[in-house]
Every structure is written in C-alpha cells, then in structure tokens.
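This report concerns only the one structure given below.
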Amino acid sequence: MDVFEAVRTRRSIRKYKDTPVEKEKLLKILEATRLSPSACNNQPWDFIAVTDKAVREKLFPAYNRDWFVRAPVVIVACSTPSKAWSRQDGEEYWKVDAAIAMQSMVLVAHELGLGTCWIAAFKEDKVKEVLKIPEEVRPVAMTPLGYPAEQKGPVTERKPMKEIVHYEHW
C-alpha cells in the first residue's frame, strides 16, 4: 500500500477482534513512530504500549468506552514539554511532535492490516495515575490497536479543496 492509499483508506476503528497483535508488527509500528520528524529533532516523546489486559481495563475511567479497552493493545503517546523546541514567541511544539509521530503510527498500523482510533478526549490525570507517568510528562493522545472487527470504506466526509486550500495568499 502506498502512503496516499493509506491516508485515503485509513478509518477510525471502534470494534476489534480478540486476535493478539504480533510482536513483529507492534515493533514495526513503534519503529515508524520513533523515526518520525520533530521540531529541531528534539524527539520529546515517549510511548507506552499497553498489552496487559488488566492494565488496559484500568484505563477505562480515563476514557469510558468498552471498545477502547477491549483492543489487544493501547498505545499512549506522551511528550515532555521541557524537552521540546519552542519558537521565540513562546509557541510550544510538544503536542505537534507527538501528533506527527501518532500519524506515522496509525498509517503503518493500517498498512499492516491493523486498526486504530485517535483518542484525545481522555482524563489526563487518570492516564497518568494508571500508567505511572511522571509529573513533567504529558499524555497527548491514545489509540487502541488491533485487528478490525468492522469494515469501513474510504474517508468521504471532508471539505472540498476550494474551501481549505489557498494559493499565494488567503
């Protein structure tokens, strides 16, 4: 699958099979994540791969969805703001860096036949508590990871190009 096809056909999956994710596939996904670009190559991120069912179930109060904790893997992308690059005006890039890495993760997972679902609406304090994340580290996003138990077609609900693309000026 080429990159454009992965972008065109990747969908948020909310139903997963019980089939475990092979270690080789998980490692390939994490390697793609590690290789992602970051501002000034600071790589301010860390990733937690949760494969233990009991630990995944403890994450339920952080994001109250059964399907989320039923996936065979949950990956949490974290970033340390103090390690990230910031512009002179103070704009921080720690969330952007983690988001870029997450995009690499979900695209490679899709290419390998695995489903993901980008999760940002979670209770940060609960995630930090369950996963023992240090105080200075911020969870940015999470995704379940597993073999899809649902089929979805390509993405169709997008604004037309003429509404979002500007040439030379706004």
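Labels used: A, B, ... for chains in the order of the structure tokens, numbers from 1 for residues in each chain, and numbers from 1 for ligands as shown.
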
Surrounding residues of Thr143 of chain A excluding itself and chain neighbours under 6 positions, 9 Å, only C-alpha atoms, as a PDB file with N, CA and C atoms, in the first residue's frame:
```pdb
ATOM      1  N   PHE A  68     -12.612   0.551  23.597  1.00  0.00           N
ATOM      2  CA  PHE A  68     -11.251   1.074  23.728  1.00  0.00           C
ATOM      3  C   PHE A  68     -10.365   0.103  24.513  1.00  0.00           C
ATOM      4  N   VAL A  73      -4.169  -3.999  22.249  1.00  0.00           N
ATOM      5  CA  VAL A  73      -3.087  -3.074  22.606  1.00  0.00           C
ATOM      6  C   VAL A  73      -3.682  -1.671  22.703  1.00  0.00           C
ATOM      7  N   VAL A  74      -3.190  -0.900  23.639  1.00  0.00           N
ATOM      8  CA  VAL A  74      -3.462   0.532  23.688  1.00  0.00           C
ATOM      9  C   VAL A  74      -2.099   1.217  23.713  1.00  0.00           C
ATOM     10  N   ILE A  75      -1.920   2.198  22.850  1.00  0.00           N
ATOM     11  CA  ILE A  75      -0.668   2.951  22.836  1.00  0.00           C
ATOM     12  C   ILE A  75      -0.965   4.380  23.266  1.00  0.00           C
ATOM     13  N   VAL A  76      -0.163   4.864  24.191  1.00  0.00           N
ATOM     14  CA  VAL A  76      -0.303   6.219  24.703  1.00  0.00           C
ATOM     15  C   VAL A  76       0.931   7.015  24.280  1.00  0.00           C
ATOM     16  N   ALA A  77       0.701   8.092  23.566  1.00  0.00           N
ATOM     17  CA  ALA A  77       1.779   8.988  23.150  1.00  0.00           C
ATOM     18  C   ALA A  77       1.910  10.091  24.188  1.00  0.00           C
ATOM     19  N   MET A 102       2.194  10.113  16.064  1.00  0.00           N
ATOM     20  CA  MET A 102       0.955   9.335  16.065  1.00  0.00           C
ATOM     21  C   MET A 102       0.459   9.084  14.647  1.00  0.00           C
ATOM     22  N   VAL A 106      -0.409   5.422  13.068  1.00  0.00           N
ATOM     23  CA  VAL A 106      -1.686   4.932  12.570  1.00  0.00           C
ATOM     24  C   VAL A 106      -1.608   4.538  11.094  1.00  0.00           C
ATOM     25  N   THR A 116      -6.865   1.454  14.232  1.00  0.00           N
ATOM     26  CA  THR A 116      -6.563   2.405  15.297  1.00  0.00           C
ATOM     27  C   THR A 116      -7.714   3.394  15.400  1.00  0.00           C
ATOM     28  N   CYS A 117      -7.701   4.183  16.449  1.00  0.00           N
ATOM     29  CA  CYS A 117      -8.671   5.265  16.603  1.00  0.00           C
ATOM     30  C   CYS A 117      -8.036   6.331  17.483  1.00  0.00           C
ATOM     31  N   TRP A 118      -7.730   7.458  16.874  1.00  0.00           N
ATOM     32  CA  TRP A 118      -7.081   8.566  17.573  1.00  0.00           C
ATOM     33  C   TRP A 118      -7.980   9.046  18.708  1.00  0.00           C
ATOM     34  N   ILE A 119      -7.460   9.026  19.944  1.00  0.00           N
ATOM     35  CA  ILE A 119      -8.236   9.439  21.116  1.00  0.00           C
ATOM     36  C   ILE A 119      -7.526  10.623  21.779  1.00  0.00           C
ATOM     37  N   ALA A 120      -8.231  11.731  21.910  1.00  0.00           N
ATOM     38  CA  ALA A 120      -7.689  12.897  22.607  1.00  0.00           C
ATOM     39  C   ALA A 120      -8.580  13.301  23.786  1.00  0.00           C
TER      40      ALA A 120
END
```

- [ ] Find the residues near Thr9 of chain A: any atom within 12 Å, counting only C-alpha atoms, skip ones fewer than 3 places away on the same chain, and give them as a PyMOL selection string.
- [x] chain A and resi 1-6+12-13+106-107+110-111+113+115+151-156

Write out the residues from the selection above, keeping N, CA and C atoms, as a short mmCIF file (atom, residue, chain, number, x, y, z; two decimals), in the first residue's frame.
```
data_model
loop_
_atom_site.label_atom_id
_atom_site.label_comp_id
_atom_site.auth_asym_id
_atom_site.auth_seq_id
_atom_site.Cartn_x
_atom_site.Cartn_y
_atom_site.Cartn_z
N MET A 1 0.86 -1.17 0.00
CA MET A 1 0.00 0.00 0.00
C MET A 1 0.91 1.24 0.00
N ASP A 2 0.63 2.18 -0.91
CA ASP A 2 1.44 3.40 -0.89
C ASP A 2 0.87 4.36 0.16
N VAL A 3 1.63 5.40 0.46
CA VAL A 3 1.25 6.32 1.53
C VAL A 3 -0.09 7.01 1.24
N PHE A 4 -0.29 7.47 0.02
CA PHE A 4 -1.55 8.14 -0.30
C PHE A 4 -2.73 7.20 -0.10
N GLU A 5 -2.58 5.96 -0.51
CA GLU A 5 -3.66 4.98 -0.32
C GLU A 5 -3.94 4.76 1.16
N ALA A 6 -2.89 4.73 1.97
CA ALA A 6 -3.08 4.58 3.42
C ALA A 6 -3.84 5.77 4.00
N SER A 12 -11.15 5.36 11.50
CA SER A 12 -11.18 5.10 12.94
C SER A 12 -11.97 3.82 13.20
N ILE A 13 -11.32 2.88 13.86
CA ILE A 13 -11.93 1.59 14.15
C ILE A 13 -12.33 1.54 15.61
N VAL A 106 -0.41 5.42 13.07
CA VAL A 106 -1.69 4.93 12.57
C VAL A 106 -1.61 4.54 11.09
N LEU A 107 -0.76 5.22 10.32
CA LEU A 107 -0.64 4.85 8.90
C LEU A 107 0.07 3.52 8.73
N HIS A 110 -2.26 0.74 9.75
CA HIS A 110 -3.25 0.49 8.69
C HIS A 110 -2.62 -0.35 7.57
N GLU A 111 -1.42 0.01 7.18
CA GLU A 111 -0.74 -0.76 6.13
C GLU A 111 -0.58 -2.23 6.54
N GLY A 113 -2.63 -3.94 8.27
CA GLY A 113 -3.93 -4.59 8.46
C GLY A 113 -4.52 -4.39 9.85
N GLY A 115 -6.16 -1.84 12.96
CA GLY A 115 -6.99 -0.67 13.13
C GLY A 115 -6.54 0.16 14.30
N GLN A 151 -15.74 -3.29 8.98
CA GLN A 151 -15.22 -2.81 7.70
C GLN A 151 -15.77 -1.42 7.43
N LYS A 152 -14.91 -0.53 6.98
CA LYS A 152 -15.34 0.82 6.63
C LYS A 152 -14.74 1.18 5.29
N GLY A 153 -15.47 1.96 4.52
CA GLY A 153 -14.96 2.41 3.23
C GLY A 153 -14.00 3.58 3.40
N PRO A 154 -13.49 4.09 2.29
CA PRO A 154 -12.58 5.23 2.35
C PRO A 154 -13.23 6.47 2.96
N VAL A 155 -12.41 7.37 3.45
CA VAL A 155 -12.89 8.62 4.02
C VAL A 155 -13.63 9.41 2.95
N THR A 156 -14.81 9.90 3.28
CA THR A 156 -15.57 10.69 2.31
C THR A 156 -16.02 12.03 2.88
#
```

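Within segment 11-90 of chain A, DSSP run on the backbone puts these residues in strand (DSSP E): A:Trp45, A:Asp46, A:Phe47, A:Ile48, A:Ala49, A:Val50, A:Val73, A:Val74, A:Ile75, A:Val76, A:Ala77, A:Cys78, A:Ser79.
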
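Going from atom CA of Ile48 of chain A to atom CA of Leu131 of chain A covers 8.2 Å.
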
Considering only helix (DSSP H, G or I) as DSSP defines it on the backbone, what residues of chain A qualify? List them as a count of residues only. 69

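Counting only C-alpha atoms and comparing A:Leu112, A:Cys78, A:Leu145, A:Val50, the residue that lies closest to Glu24 of chain A is A:Leu112.
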
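Taking only C-alpha atoms into account, Pro61 of chain A lies nearest to A:Lys123 out of the set A:Ala99, A:Ser38, A:Lys128, A:Lys123.
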
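The two atoms in question, atom CA of Arg138 of chain A and atom CA of Thr80 of chain A, are spaced 6.1 Å apart.
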
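Going from atom CA of Pro148 of chain A to atom CA of Arg11 of chain A covers 10.3 Å.
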
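Among A:Ala62, A:Leu114, A:Val140, A:Ala84, the residue with the shortest atom-to-atom distance to Asn41 of chain A, counting only C-alpha atoms, is A:Ala84.
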
Using only C-alpha atoms, the shortest atom-to-atom distance to Pro144 of chain A among A:Glu163, A:Asp97, A:Asp66, A:Glu92 belongs to A:Asp66

Within 8 Å of Thr19 of chain A using only C-alpha atoms, minus same-chain residues under 3 positions, as a VMD selection string
chain A and resid 72 146 to 147

Write out the residues from the selection above, keeping N, CA and C atoms, as a PDB file, in the first residue's frame.
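What ended up in part-v5.pdb:
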```
ATOM      1  N   PRO A  72      -6.551  -5.354  21.743  1.00  0.00           N
ATOM      2  CA  PRO A  72      -5.434  -6.081  22.348  1.00  0.00           C
ATOM      3  C   PRO A  72      -4.250  -5.212  22.780  1.00  0.00           C
ATOM      4  N   GLY A 146      -5.430  -3.003  17.045  1.00  0.00           N
ATOM      5  CA  GLY A 146      -5.796  -4.405  16.898  1.00  0.00           C
ATOM      6  C   GLY A 146      -6.379  -4.674  15.532  1.00  0.00           C
ATOM      7  N   TYR A 147      -6.730  -5.927  15.313  1.00  0.00           N
ATOM      8  CA  TYR A 147      -7.348  -6.307  14.043  1.00  0.00           C
ATOM      9  C   TYR A 147      -8.797  -5.855  14.031  1.00  0.00           C
TER      10      TYR A 147
END
```

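When only C-alpha atoms are used to compute distances to Arg8 of chain A, the closest of the residues A:His169, A:Glu157, A:Lys53, A:Lys126 turns out to be A:Glu157.
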
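If you measure from each of A:Met161, A:Val55, A:Val137, A:Val130 to Arg70 of chain A using only C-alpha atoms, the closest one turns out to be A:Val55.
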
Practice item. Extract, using only C-alpha atoms, all DNA, RNA and protein residues at most 9 Å from Met105 of chain A, discarding same-chain residues fewer than 4 positions from it, and format them as JSON, numbers by chain. Key: {"A": [29, 30, 31, 32, 33, 36, 100, 101, 109, 110, 116]}

Please save C-alpha atoms of the selected residues as an mmCIF file, in the first residue's frame.
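Saved result, part-v3.cif, follows:
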```cif
data_model
loop_
_atom_site.group_PDB
_atom_site.id
_atom_site.type_symbol
_atom_site.label_atom_id
_atom_site.label_comp_id
_atom_site.auth_asym_id
_atom_site.auth_seq_id
_atom_site.Cartn_x
_atom_site.Cartn_y
_atom_site.Cartn_z
ATOM 1 C CA ILE A 29 4.701 0.364 14.225
ATOM 2 C CA LEU A 30 6.777 1.645 17.135
ATOM 3 C CA GLU A 31 9.838 1.940 14.873
ATOM 4 C CA ALA A 32 7.872 4.091 12.409
ATOM 5 C CA THR A 33 6.826 6.215 15.359
ATOM 6 C CA SER A 36 9.021 10.434 12.819
ATOM 7 C CA ILE A 100 3.253 13.733 13.903
ATOM 8 C CA ALA A 101 4.527 10.524 15.490
ATOM 9 C CA ALA A 109 -0.709 0.131 11.504
ATOM 10 C CA HIS A 110 -3.248 0.485 8.687
ATOM 11 C CA THR A 116 -6.563 2.405 15.297
#
```
